[in-house]
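For reference, start-v6.txt is printed below; it contains compact mmCIF, C-alpha atoms.
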# COMPACT_ATOMS: atom_id res chain seq x y z
CA MET R 1 67.66 73.57 54.49
CA LYS R 2 70.66 73.14 56.78
CA PHE R 3 68.60 74.03 59.84
CA GLU R 4 65.93 71.47 58.99
CA LEU R 5 68.52 68.79 58.20
CA ARG R 6 70.44 69.44 61.40
CA SER R 7 67.30 69.34 63.50
CA LEU R 8 66.21 66.10 61.84
CA LEU R 9 69.63 64.46 62.22
CA MET R 10 70.00 65.56 65.85
CA LYS R 11 66.59 64.15 66.67
CA ARG R 12 67.37 60.94 64.83
CA GLY R 13 70.78 60.68 66.50
CA ALA R 14 69.30 61.18 69.96
CA GLU R 15 66.70 58.48 69.28
CA THR R 16 69.39 56.09 68.04
CA VAL R 17 71.56 56.64 71.13
CA LYS R 18 68.54 56.16 73.40
CA ASN R 19 67.54 52.95 71.63
CA LYS R 20 71.09 51.56 71.77
CA LYS R 21 71.34 52.27 75.49
CA LYS R 22 67.98 50.60 76.02
CA GLU R 23 69.04 47.59 73.96
CA GLU R 24 72.33 47.30 75.87
CA SER R 25 70.52 47.48 79.22
CA GLU R 26 68.00 44.83 78.19
CA ILE R 27 70.73 42.49 76.92
CA ILE R 28 72.76 42.83 80.14
CA SER R 29 69.67 42.23 82.26
CA GLU R 30 68.78 39.07 80.32
CA ILE R 31 72.38 37.81 80.47
CA ILE R 32 72.40 38.29 84.25
CA THR R 33 69.09 36.44 84.55
CA LEU R 34 70.30 33.49 82.45
CA SER R 35 73.67 33.34 84.23
CA ARG R 36 72.22 32.92 87.72
CA SER R 37 71.94 29.14 87.27
CA PRO R 38 74.47 28.22 84.57
CA ASP R 39 74.44 24.50 85.42
CA ASN R 40 70.67 24.24 84.99
CA LEU R 41 70.36 25.98 81.63
CA SER R 42 68.51 24.24 78.87
CA GLU R 43 70.01 23.91 75.41
CA ASP R 44 67.79 26.72 74.13
CA ASN R 45 68.83 29.02 76.97
CA ARG R 46 72.52 28.24 76.34
CA ASN R 47 72.10 29.20 72.71
CA ARG R 48 70.20 32.30 73.72
CA LEU R 49 73.01 33.27 76.13
CA GLN R 50 75.61 32.93 73.36
CA ILE R 51 73.52 35.09 71.04
CA LEU R 52 73.14 37.77 73.73
CA GLN R 53 76.89 37.77 74.44
CA LEU R 54 77.62 38.21 70.73
CA LYS R 55 75.18 41.13 70.58
CA LEU R 56 76.81 42.74 73.60
CA ASP R 57 80.26 42.26 72.05
CA THR R 58 79.01 43.96 68.89
CA ILE R 59 77.80 46.95 70.91
CA TYR R 60 81.15 47.29 72.71
CA ILE R 61 83.08 46.99 69.41
CA TYR R 62 80.92 49.79 68.00
CA LYS R 63 81.75 51.95 71.03
CA ALA R 64 85.45 51.13 70.70
CA LYS R 65 85.42 52.15 67.04
CA GLY R 66 83.87 55.48 67.95
CA ALA R 67 86.57 56.14 70.54
CA PHE R 68 89.18 54.93 68.03
CA VAL R 69 88.07 57.49 65.45
CA ARG R 70 88.07 60.30 67.99
CA SER R 71 91.49 59.27 69.34
CA ARG R 72 92.92 59.73 65.81
CA ARG R 73 95.03 56.59 65.99
CA LYS R 74 95.83 54.75 62.76
CA TRP R 75 95.55 51.23 64.03
CA LEU R 76 93.07 49.06 65.86
CA GLU R 77 93.84 45.53 66.92
CA GLU R 78 91.57 43.06 65.16
CA GLY R 79 88.90 41.83 67.53
CA GLU R 80 89.67 44.47 70.17
CA GLN R 81 86.64 44.59 72.41
CA ASN R 82 87.89 46.67 75.34
CA SER R 83 86.96 50.28 74.61
CA SER R 84 88.53 51.68 77.80
CA TYR R 85 91.94 52.05 76.13
CA PHE R 86 90.53 54.20 73.34
CA PHE R 87 88.44 56.31 75.70
CA LYS R 88 91.60 56.97 77.76
CA LEU R 89 93.49 57.72 74.56
CA GLU R 90 90.80 60.20 73.52
CA LYS R 91 90.97 61.88 76.94
CA HIS R 92 94.77 62.04 76.72
CA HIS R 93 94.58 63.59 73.24
CA ASN R 94 92.15 66.25 74.47
CA ALA R 95 94.42 67.04 77.41
CA LEU R 96 97.40 67.56 75.08
CA ALA R 97 95.36 69.90 72.90
CA SER R 98 94.23 72.03 75.85
CA MET R 99 96.11 75.23 76.68
CA THR R 100 96.22 75.24 80.48
CA LYS R 101 99.52 77.13 80.89
CA LEU R 102 101.17 79.89 78.90
CA ARG R 103 104.28 82.00 79.22
CA THR R 104 103.38 85.70 79.15
CA ASP R 105 106.07 88.36 79.50
CA GLY R 106 108.42 85.73 80.91
CA ILE R 107 105.89 84.60 83.53
CA ILE R 108 104.02 81.27 83.36
CA THR R 109 100.31 81.77 84.02
CA GLN R 110 97.36 79.44 84.45
CA ASP R 111 94.77 82.20 84.54
CA PRO R 112 92.25 81.46 81.72
CA GLN R 113 91.50 85.16 81.23
CA VAL R 114 95.17 86.07 80.86
CA ILE R 115 95.72 83.15 78.47
CA SER R 116 92.70 84.18 76.41
CA LYS R 117 93.82 87.81 76.25
CA THR R 118 97.36 86.81 75.26
CA CYS R 119 96.05 84.66 72.42
CA GLU R 120 93.73 87.43 71.25
CA LEU R 121 96.49 90.05 71.12
CA PHE R 122 98.98 87.71 69.47
CA TYR R 123 96.69 86.74 66.59
CA LYS R 124 95.24 90.22 66.24
CA ASN R 125 98.75 91.54 65.59
CA LEU R 126 99.64 88.56 63.40
CA TYR R 127 96.65 88.97 61.11
CA LYS R 128 96.80 92.77 61.03
CA SER R 129 97.31 94.05 57.49
CA ASN R 130 100.57 95.88 56.83
CA LEU R 131 100.14 96.08 53.08
CA SER R 132 101.60 98.98 51.17
CA THR R 133 99.82 99.18 47.81
CA GLU R 134 102.57 101.40 46.43
CA ALA R 135 105.31 98.96 47.45
CA MET R 136 103.31 96.06 46.03
CA GLU R 137 102.96 97.76 42.62
CA ILE R 138 106.65 98.68 42.57
CA PHE R 139 107.49 95.04 43.23
CA PHE R 140 105.26 93.66 40.47
CA ASN R 141 106.42 96.31 37.98
CA SER R 142 110.03 95.37 38.66
CA LEU R 143 109.45 91.78 37.55
CA SER R 144 110.15 90.69 34.00
CA ASN R 145 109.29 87.59 31.99
CA ILE R 146 106.45 86.64 34.33
CA LYS R 147 104.91 83.33 33.36
CA THR R 148 101.19 83.23 32.66
CA ILE R 149 98.80 80.33 32.21
CA SER R 150 98.11 79.02 28.72
CA ASP R 151 94.93 79.91 26.85
CA ASN R 152 93.77 76.30 27.13
CA ASN R 153 94.24 76.22 30.90
CA LYS R 154 92.69 79.67 31.17
CA ALA R 155 89.57 78.31 29.48
CA ILE R 156 89.52 75.36 31.91
CA CYS R 157 89.94 77.61 34.95
CA ASP R 158 87.28 80.05 33.76
CA SER R 159 84.74 77.35 32.90
CA PRO R 160 81.74 77.15 35.26
CA ILE R 161 81.58 74.52 37.98
CA THR R 162 79.49 71.55 36.83
CA ILE R 163 77.38 69.03 38.69
CA LEU R 164 79.94 66.37 37.73
CA ASP R 165 82.70 68.44 39.39
CA ILE R 166 80.65 68.55 42.58
CA GLU R 167 79.95 64.81 42.54
CA GLU R 168 83.64 64.04 42.02
CA ALA R 169 84.59 66.34 44.88
CA ILE R 170 82.08 64.65 47.20
CA ASN R 171 83.41 61.21 46.27
CA LYS R 172 86.96 62.31 47.15
CA MET R 173 86.01 63.57 50.60
CA LYS R 174 87.65 61.69 53.47
CA LEU R 175 85.54 59.74 55.94
CA ASN R 176 85.54 59.88 59.73
CA LYS R 177 86.35 63.60 59.78
CA SER R 178 84.78 66.12 62.12
CA PRO R 179 82.06 68.20 60.42
CA GLY R 180 81.76 71.96 60.65
CA ASN R 181 79.33 73.75 62.94
CA ASP R 182 76.42 72.71 60.70
CA GLY R 183 76.98 69.08 61.79
CA LEU R 184 76.71 67.66 58.23
CA THR R 185 79.42 65.01 57.80
CA SER R 186 81.17 63.85 54.65
CA GLU R 187 79.33 60.54 55.03
CA PHE R 188 76.04 62.44 54.75
CA TYR R 189 77.14 64.17 51.54
CA LYS R 190 78.37 60.87 50.07
CA LEU R 191 75.10 59.10 50.89
CA PHE R 192 72.96 61.81 49.26
CA SER R 193 75.46 63.04 46.66
CA LYS R 194 73.04 62.72 43.73
CA ASP R 195 70.30 64.65 45.53
CA LEU R 196 72.58 67.35 46.94
CA SER R 197 74.78 67.97 43.88
CA CYS R 198 72.08 69.80 41.92
CA PHE R 199 71.21 71.96 44.91
CA LEU R 200 74.86 72.77 45.66
CA HIS R 201 75.46 73.57 41.99
CA LYS R 202 72.82 76.30 42.07
CA VAL R 203 74.24 77.71 45.30
CA TYR R 204 77.80 77.80 43.95
CA ILE R 205 76.89 79.37 40.61
CA GLU R 206 74.81 82.07 42.31
CA SER R 207 77.62 82.71 44.82
CA ILE R 208 80.21 83.13 42.07
CA ASP R 209 77.93 85.39 40.05
CA ASN R 210 77.29 87.55 43.13
CA ASN R 211 80.96 87.38 44.19
CA LYS R 212 79.86 86.41 47.68
CA LEU R 213 79.34 83.13 49.53
CA PRO R 214 76.26 82.62 51.73
CA PRO R 215 76.87 82.88 55.49
CA SER R 216 76.68 79.13 56.10
CA LEU R 217 79.64 78.58 53.75
CA THR R 218 81.80 81.16 55.50
CA GLN R 219 81.29 79.94 59.06
CA GLY R 220 83.98 77.99 60.86
CA LEU R 221 85.26 76.95 64.26
CA ILE R 222 88.86 77.93 65.02
CA THR R 223 90.91 76.05 67.58
CA LEU R 224 94.57 76.11 68.56
CA ILE R 225 96.61 72.92 68.43
CA PRO R 226 100.20 72.50 69.65
CA LYS R 227 103.06 71.91 67.26
CA PRO R 228 104.60 68.48 67.92
CA GLN R 229 107.71 68.37 70.09
CA LYS R 230 107.63 72.12 70.73
CA ASP R 231 107.45 74.18 73.92
CA THR R 232 103.70 74.53 74.51
CA LEU R 233 104.26 77.38 76.96
CA SER R 234 105.07 79.64 74.00
CA ILE R 235 102.06 80.99 72.06
CA GLU R 236 104.13 80.84 68.86
CA ASN R 237 104.17 77.04 69.07
CA TRP R 238 100.39 76.81 68.78
CA ARG R 239 98.77 76.98 65.37
CA PRO R 240 95.15 77.83 64.54
CA ILE R 241 93.11 75.23 62.71
CA SER R 242 89.74 76.09 61.18
CA LEU R 243 86.98 73.49 61.23
CA LEU R 244 84.97 74.36 58.11
CA ASN R 245 81.64 73.15 56.81
CA ASN R 246 81.77 70.45 54.16
CA ASP R 247 79.82 72.44 51.55
CA TYR R 248 82.62 75.00 51.67
CA LYS R 249 85.22 72.23 51.28
CA ILE R 250 83.36 70.90 48.22
CA ILE R 251 83.50 74.19 46.31
CA ALA R 252 87.15 74.60 47.37
CA MET R 253 87.93 71.15 45.94
CA CYS R 254 86.17 72.03 42.69
CA LEU R 255 88.25 75.20 42.31
CA ALA R 256 91.47 73.44 43.37
CA LYS R 257 90.97 70.84 40.65
CA LYS R 258 90.84 73.60 38.03
CA LEU R 259 93.86 75.35 39.55
CA LYS R 260 96.01 72.22 39.45
CA CYS R 261 95.71 72.11 35.66
CA ALA R 262 97.54 75.43 35.35
CA LEU R 263 100.20 75.16 38.06
CA ASN R 264 102.92 73.81 35.77
CA ASP R 265 102.48 76.87 33.52
CA ILE R 266 103.51 79.33 36.23
CA ILE R 267 105.52 77.38 38.83
CA ASP R 268 109.16 76.63 38.11
CA GLU R 269 110.33 73.05 37.81
CA THR R 270 112.61 73.53 40.81
CA GLN R 271 109.52 73.77 43.04
CA SER R 272 108.95 70.24 44.34
CA GLY R 273 106.66 70.68 47.33
CA PHE R 274 102.87 70.61 46.89
CA MET R 275 103.15 69.66 43.20
CA THR R 276 101.52 66.58 41.68
CA GLY R 277 104.11 63.91 40.89
CA LYS R 278 106.80 65.65 42.97
CA HIS R 279 107.84 65.57 46.60
CA ILE R 280 109.81 67.91 48.83
CA THR R 281 112.29 65.09 49.48
CA ASN R 282 113.52 65.64 45.91
CA ASN R 283 115.11 68.91 47.02
CA ILE R 284 116.53 67.30 50.16
CA ARG R 285 118.19 64.71 47.96
CA LEU R 286 119.52 67.49 45.72
CA VAL R 287 121.11 69.32 48.67
CA ILE R 288 122.72 66.09 49.89
CA ASP R 289 124.13 65.43 46.41
CA ILE R 290 125.54 68.98 46.20
CA LEU R 291 127.31 68.50 49.55
CA ASP R 292 128.66 65.08 48.56
CA TYR R 293 130.01 66.32 45.22
CA SER R 294 130.96 69.85 46.29
CA ASP R 295 134.55 69.27 45.13
CA LEU R 296 133.28 69.22 41.55
CA ILE R 297 131.86 72.75 41.87
CA THR R 298 134.54 75.23 40.82
CA ASP R 299 132.58 78.45 41.37
CA ASN R 300 132.27 80.17 44.73
CA SER R 301 128.86 79.21 46.12
CA PHE R 302 126.84 78.78 49.29
CA ILE R 303 123.58 77.16 50.40
CA LEU R 304 121.00 79.50 51.91
CA PHE R 305 118.08 78.16 53.93
CA LEU R 306 115.17 80.56 54.46
CA ASP R 307 112.28 79.93 56.81
CA PHE R 308 109.54 82.57 56.69
CA TYR R 309 108.04 83.32 60.09
CA LYS R 310 104.30 82.51 60.07
CA ALA R 311 104.35 82.54 56.26
CA PHE R 312 100.79 81.34 55.64
CA ASP R 313 99.40 83.56 58.39
CA SER R 314 101.11 86.75 57.27
CA ILE R 315 100.54 86.67 53.48
CA GLU R 316 98.41 89.63 52.37
CA HIS R 317 95.17 88.78 50.55
CA GLU R 318 95.45 91.81 48.27
CA PHE R 319 98.91 90.65 47.22
CA MET R 320 97.52 87.21 46.33
CA PHE R 321 94.65 88.71 44.34
CA ARG R 322 97.08 90.95 42.43
CA ALA R 323 99.34 87.98 41.64
CA HIS R 324 96.24 86.05 40.62
CA ASP R 325 95.47 88.70 37.97
CA ILE R 326 99.04 88.89 36.72
CA PHE R 327 99.26 85.13 36.21
CA GLY R 328 96.20 85.31 33.96
CA PHE R 329 93.42 83.89 36.11
CA TRP R 330 90.07 85.58 35.80
CA LYS R 331 86.51 84.83 36.87
CA TYR R 332 86.48 81.64 38.91
CA LEU R 333 90.04 81.50 40.23
Re-express the file's structure as structure tokens.
Amino acid sequence: MKFELRSLLMKRGAETVKNKKKEESEIISEIITLSRSPDNLSEDNRNRLQILQLKLDTIYIYKAKGAFVRSRRKWLEEGEQNSSYFFKLEKHHNALASMTKLRTDGIITQDPQVISKTCELFYKNLYKSNLSTEAMEIFFNSLSNIKTISDNNKAICDSPITILDIEEAINKMKLNKSPGNDGLTSEFYKLFSKDLSCFLHKVYIESIDNNKLPPSLTQGLITLIPKPQKDTLSIENWRPISLLNNDYKIIAMCLAKKLKCALNDIIDETQSGFMTGKHITNNIRLVIDILDYSDLITDNSFILFLDFYKAFDSIEHEFMFRAHDIFGFWKYL
């Protein structure tokens, strides 16, 4: 289905672009013709010229909006008709996201092959599994009073994904986001949500029953983007971002919705980041208060700040699955 849809949309998109270019060319040609003798224009021709200029403005505004979306800026001046700024902004953004230089063994290189090899080795070592099953079991066995999810939340988490869950997930998808390599945008899913929900439901249920997603849901495009205000010559200051297909994002949103119901059962109240109704600034405020009122603390104490190196990249999947079982999750999560 994806192949047929992509072929159809690409053909339709190419036809639309061709027709818009043709329309723009015809409008400009007619404007030039009418503007050759502006003093001798009839009232009808004057009106026609105004209409053509409005049409041309509309075309340029449409182009500017496209460049605005790609430039990832959050503002657009009302009535802005000059698209050159946004095209330059898009080009500038692409230049910042391109790795043209890299420090390797203390030497700065511009050789694309050396840069590519350096990136390959760095992430191959980063994602290499160093899991010790024995050490993992010793760790989990040493824990006591481990919190588990309630029976009610367990039932919610283990309930099958419904068509309503899929429709809600589609409605929550953000617009103007780049699609995955299948080319199907969130706007497409929103427009045909009723038609696609039933089809996606069958795919998801079969995937969960077989414990395996189809290939089109596991494909992605990985790119490196620089961390803001960091030395871009260091490979450690680039982070990989995966551009995933929207049908994968939909099932992930369905599962995340179930997971959120049970988080308060197993996560301590002192955890403020990534929790609904809380914010990481709560802990920042707490640290500031402790420093301001430290004279009221009679016990010997200290503040320890820990920053795990590449935490999300280095977590072992087997460790997560084991923790998943211990917390009481089962079939779907």
Interatomic distance, CA of Lys174 (chain R) to CA of Lys212 (chain R) (Å, one decimal): 26.6 Å
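A distance cut-off of 10 Å around (84.8, 78.0, 34.5), counting only C-alpha atoms, selects these protein and nucleic acid residues: Lys154, Ala155, Ile156, Cys157, Asp158, Ser159, Pro160, Ile161, Thr162, Leu255, Lys258, Trp330, Lys331, Tyr332 and Leu333 of chain R.
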Shell of 10 Å around Ile326 (chain R), only C-alpha atoms, local chain residues under 2 positions omitted, as a list in words: Phe140, Ile146, Lys147, Thr148, Ile149, Met320, Phe321, Arg322, Ala323, His324, Gly328, Phe329 and Trp330 of chain R
Saved selection, atoms kept: C-alpha atoms, as a CSV table (one decimal), keeping the file's coordinate frame:
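Saved result, result03.csv, follows:
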chain,number,residue,atom,x,y,z
R,140,PHE,CA,105.3,93.7,40.5
R,146,ILE,CA,106.4,86.6,34.3
R,147,LYS,CA,104.9,83.3,33.4
R,148,THR,CA,101.2,83.2,32.7
R,149,ILE,CA,98.8,80.3,32.2
R,320,MET,CA,97.5,87.2,46.3
R,321,PHE,CA,94.6,88.7,44.3
R,322,ARG,CA,97.1,91.0,42.4
R,323,ALA,CA,99.3,88.0,41.6
R,324,HIS,CA,96.2,86.0,40.6
R,328,GLY,CA,96.2,85.3,34.0
R,329,PHE,CA,93.4,83.9,36.1
R,330,TRP,CA,90.1,85.6,35.8
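Closest approach to Arg36 (chain R) from the set R:Ser142, R:Arg103, R:Leu49, R:Pro215 is made by R:Leu49, with distances taken over all atoms listed in the file.
Distances from R:Asp247, R:Asp299, R:Asp44, R:Glu23 to Phe199 (chain R) were compared using only C-alpha atoms, and the smallest one belongs to R:Asp247.
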Interatomic distance (Å, one decimal) between CA of Gly183 (chain R) and CA of Leu164 (chain R): 24.4 Å
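Counting from CA of Asp209 (chain R), the distance to CA of Ile251 (chain R) is 14.0 Å.
The environment of Asn264 (chain R) within 12 Å, counting all atoms listed in the file and disregarding residues fewer than 2 places along the same chain, consists of R:Lys147, R:Thr148, R:Ile149, R:Ser150, R:Asn153, R:Leu259, R:Lys260, R:Cys261, R:Ala262, R:Ile266, R:Ile267, R:Asp268, R:Glu269, R:Thr270, R:Gln271, R:Ser272, R:Phe274, R:Met275, R:Thr276, R:Gly277, R:Lys278, R:Phe327.
Using only C-alpha atoms, the residues found no farther than 8 Å from Gly180 (chain R), other than those of its own chain fewer than 4 positions away, are Leu184, Thr185, Gly220, Leu221, Leu243, Leu244, Asn245 and Asn246 of chain R.
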Selected residues written out, C-alpha atoms, as an mmCIF file, in the coordinates of the input:
data_model
loop_
_atom_site.group_PDB
_atom_site.id
_atom_site.type_symbol
_atom_site.label_atom_id
_atom_site.label_comp_id
_atom_site.auth_asym_id
_atom_site.auth_seq_id
_atom_site.Cartn_x
_atom_site.Cartn_y
_atom_site.Cartn_z
ATOM 1 C CA LEU R 184 76.710 67.660 58.230
ATOM 2 C CA THR R 185 79.420 65.010 57.800
ATOM 3 C CA GLY R 220 83.980 77.990 60.860
ATOM 4 C CA LEU R 221 85.260 76.950 64.260
ATOM 5 C CA LEU R 243 86.980 73.490 61.230
ATOM 6 C CA LEU R 244 84.970 74.360 58.110
ATOM 7 C CA ASN R 245 81.640 73.150 56.810
ATOM 8 C CA ASN R 246 81.770 70.450 54.160
#
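Counting only C-alpha atoms and comparing R:Leu233, R:Asn300, R:Leu306, R:Asn47, the residue that lies closest to Leu102 (chain R) is R:Leu233.
Each of R:Met99, R:Ile297, R:Ile170, R:Ile250 was compared to Tyr189 (chain R) using only C-alpha atoms, and R:Ile170 turns out to be the nearest.
The closest residue to Asp105 (chain R), picked from R:Thr118, R:Phe319, R:Gln50, R:Leu224 and counting all atoms listed in the file, is R:Thr118.
Omitting Met1 (chain R) and its sequence neighbours fewer than 3 positions away, and counting all atoms listed in the file, the residues within 12 Å are Glu4, Leu5, Arg6, Ser7, Leu8, Asp182, Leu184, Leu196, Phe199, Leu200 and Ser216 of chain R.
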For C-alpha atoms, I'd like the residues from the last selection saved as an mmCIF file, in the frame of the given file.
data_model
loop_
_atom_site.group_PDB
_atom_site.id
_atom_site.type_symbol
_atom_site.label_atom_id
_atom_site.label_comp_id
_atom_site.auth_asym_id
_atom_site.auth_seq_id
_atom_site.Cartn_x
_atom_site.Cartn_y
_atom_site.Cartn_z
ATOM 1 C CA GLU R 4 65.930 71.470 58.990
ATOM 2 C CA LEU R 5 68.520 68.790 58.200
ATOM 3 C CA ARG R 6 70.440 69.440 61.400
ATOM 4 C CA SER R 7 67.300 69.340 63.500
ATOM 5 C CA LEU R 8 66.210 66.100 61.840
ATOM 6 C CA ASP R 182 76.420 72.710 60.700
ATOM 7 C CA LEU R 184 76.710 67.660 58.230
ATOM 8 C CA LEU R 196 72.580 67.350 46.940
ATOM 9 C CA PHE R 199 71.210 71.960 44.910
ATOM 10 C CA LEU R 200 74.860 72.770 45.660
ATOM 11 C CA SER R 216 76.680 79.130 56.100
#
Long-range neighbours of Thr133 (chain R) as a ChimeraX atom specification, 10 Å cut-off, all atoms listed in the file, 5 positions minimum in chain: /R:138-139,318-319
Taking the structure in the block just given, could you write region 256-264 of chain R with all heavy atoms, as a PDB file, in the first residue's frame?
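So the final result, stored in out-v1.pdb, reads:
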ATOM      1  N   ALA R 256       2.700   4.822  24.458  1.00  0.00           N
ATOM      2  CA  ALA R 256       3.117   5.831  25.436  1.00  0.00           C
ATOM      3  C   ALA R 256       1.941   6.308  26.276  1.00  0.00           C
ATOM      4  O   ALA R 256       2.080   6.574  27.479  1.00  0.00           O
ATOM      5  CB  ALA R 256       3.772   7.012  24.721  1.00  0.00           C
ATOM      6  N   LYS R 257       0.783   6.413  25.649  1.00  0.00           N
ATOM      7  CA  LYS R 257      -0.423   6.824  26.376  1.00  0.00           C
ATOM      8  C   LYS R 257      -0.749   5.827  27.483  1.00  0.00           C
ATOM      9  O   LYS R 257      -1.111   6.210  28.603  1.00  0.00           O
ATOM     10  CB  LYS R 257      -1.600   6.940  25.402  1.00  0.00           C
ATOM     11  CG  LYS R 257      -2.908   7.326  26.070  1.00  0.00           C
ATOM     12  CD  LYS R 257      -4.066   7.294  25.093  1.00  0.00           C
ATOM     13  CE  LYS R 257      -5.386   7.560  25.816  1.00  0.00           C
ATOM     14  NZ  LYS R 257      -6.538   7.459  24.879  1.00  0.00           N
ATOM     15  N   LYS R 258      -0.615   4.535  27.187  1.00  0.00           N
ATOM     16  CA  LYS R 258      -0.864   3.512  28.205  1.00  0.00           C
ATOM     17  C   LYS R 258       0.185   3.587  29.310  1.00  0.00           C
ATOM     18  O   LYS R 258      -0.115   3.475  30.501  1.00  0.00           O
ATOM     19  CB  LYS R 258      -0.837   2.121  27.558  1.00  0.00           C
ATOM     20  CG  LYS R 258      -1.963   1.855  26.555  1.00  0.00           C
ATOM     21  CD  LYS R 258      -1.754   0.490  25.910  1.00  0.00           C
ATOM     22  CE  LYS R 258      -2.859   0.170  24.911  1.00  0.00           C
ATOM     23  NZ  LYS R 258      -4.147  -0.055  25.589  1.00  0.00           N
ATOM     24  N   LEU R 259       1.439   3.797  28.907  1.00  0.00           N
ATOM     25  CA  LEU R 259       2.543   3.831  29.859  1.00  0.00           C
ATOM     26  C   LEU R 259       2.394   4.982  30.844  1.00  0.00           C
ATOM     27  O   LEU R 259       2.702   4.835  32.040  1.00  0.00           O
ATOM     28  CB  LEU R 259       3.862   3.937  29.100  1.00  0.00           C
ATOM     29  CG  LEU R 259       5.149   3.902  29.926  1.00  0.00           C
ATOM     30  CD1 LEU R 259       5.274   2.588  30.657  1.00  0.00           C
ATOM     31  CD2 LEU R 259       6.351   4.140  29.032  1.00  0.00           C
ATOM     32  N   LYS R 260       1.930   6.125  30.368  1.00  0.00           N
ATOM     33  CA  LYS R 260       1.804   7.299  31.233  1.00  0.00           C
ATOM     34  C   LYS R 260       0.863   7.051  32.407  1.00  0.00           C
ATOM     35  O   LYS R 260       1.027   7.639  33.474  1.00  0.00           O
ATOM     36  CB  LYS R 260       1.312   8.501  30.420  1.00  0.00           C
ATOM     37  CG  LYS R 260       2.363   9.092  29.499  1.00  0.00           C
ATOM     38  CD  LYS R 260       1.809  10.280  28.734  1.00  0.00           C
ATOM     39  CE  LYS R 260       2.860  10.871  27.803  1.00  0.00           C
ATOM     40  NZ  LYS R 260       2.337  12.014  27.023  1.00  0.00           N
ATOM     41  N   CYS R 261      -0.117   6.186  32.205  1.00  0.00           N
ATOM     42  CA  CYS R 261      -1.078   5.898  33.279  1.00  0.00           C
ATOM     43  C   CYS R 261      -0.402   5.252  34.476  1.00  0.00           C
ATOM     44  O   CYS R 261      -0.878   5.394  35.614  1.00  0.00           O
ATOM     45  CB  CYS R 261      -2.184   4.971  32.762  1.00  0.00           C
ATOM     46  SG  CYS R 261      -3.169   5.641  31.415  1.00  0.00           S
ATOM     47  N   ALA R 262       0.697   4.540  34.244  1.00  0.00           N
ATOM     48  CA  ALA R 262       1.318   3.750  35.312  1.00  0.00           C
ATOM     49  C   ALA R 262       2.592   4.368  35.876  1.00  0.00           C
ATOM     50  O   ALA R 262       3.167   3.839  36.819  1.00  0.00           O
ATOM     51  CB  ALA R 262       1.623   2.350  34.789  1.00  0.00           C
ATOM     52  N   LEU R 263       3.046   5.495  35.315  1.00  0.00           N
ATOM     53  CA  LEU R 263       4.335   6.041  35.727  1.00  0.00           C
ATOM     54  C   LEU R 263       4.366   6.437  37.198  1.00  0.00           C
ATOM     55  O   LEU R 263       5.363   6.226  37.893  1.00  0.00           O
ATOM     56  CB  LEU R 263       4.694   7.250  34.853  1.00  0.00           C
ATOM     57  CG  LEU R 263       5.041   6.944  33.392  1.00  0.00           C
ATOM     58  CD1 LEU R 263       5.442   8.218  32.676  1.00  0.00           C
ATOM     59  CD2 LEU R 263       6.158   5.915  33.301  1.00  0.00           C
ATOM     60  N   ASN R 264       3.274   7.017  37.690  1.00  0.00           N
ATOM     61  CA  ASN R 264       3.253   7.461  39.084  1.00  0.00           C
ATOM     62  C   ASN R 264       3.342   6.297  40.071  1.00  0.00           C
ATOM     63  O   ASN R 264       3.696   6.488  41.235  1.00  0.00           O
ATOM     64  CB  ASN R 264       1.996   8.282  39.366  1.00  0.00           C
ATOM     65  CG  ASN R 264       2.058   9.661  38.726  1.00  0.00           C
ATOM     66  OD1 ASN R 264       3.121  10.264  38.632  1.00  0.00           O
ATOM     67  ND2 ASN R 264       0.919  10.161  38.270  1.00  0.00           N
TER      68      ASN R 264
END
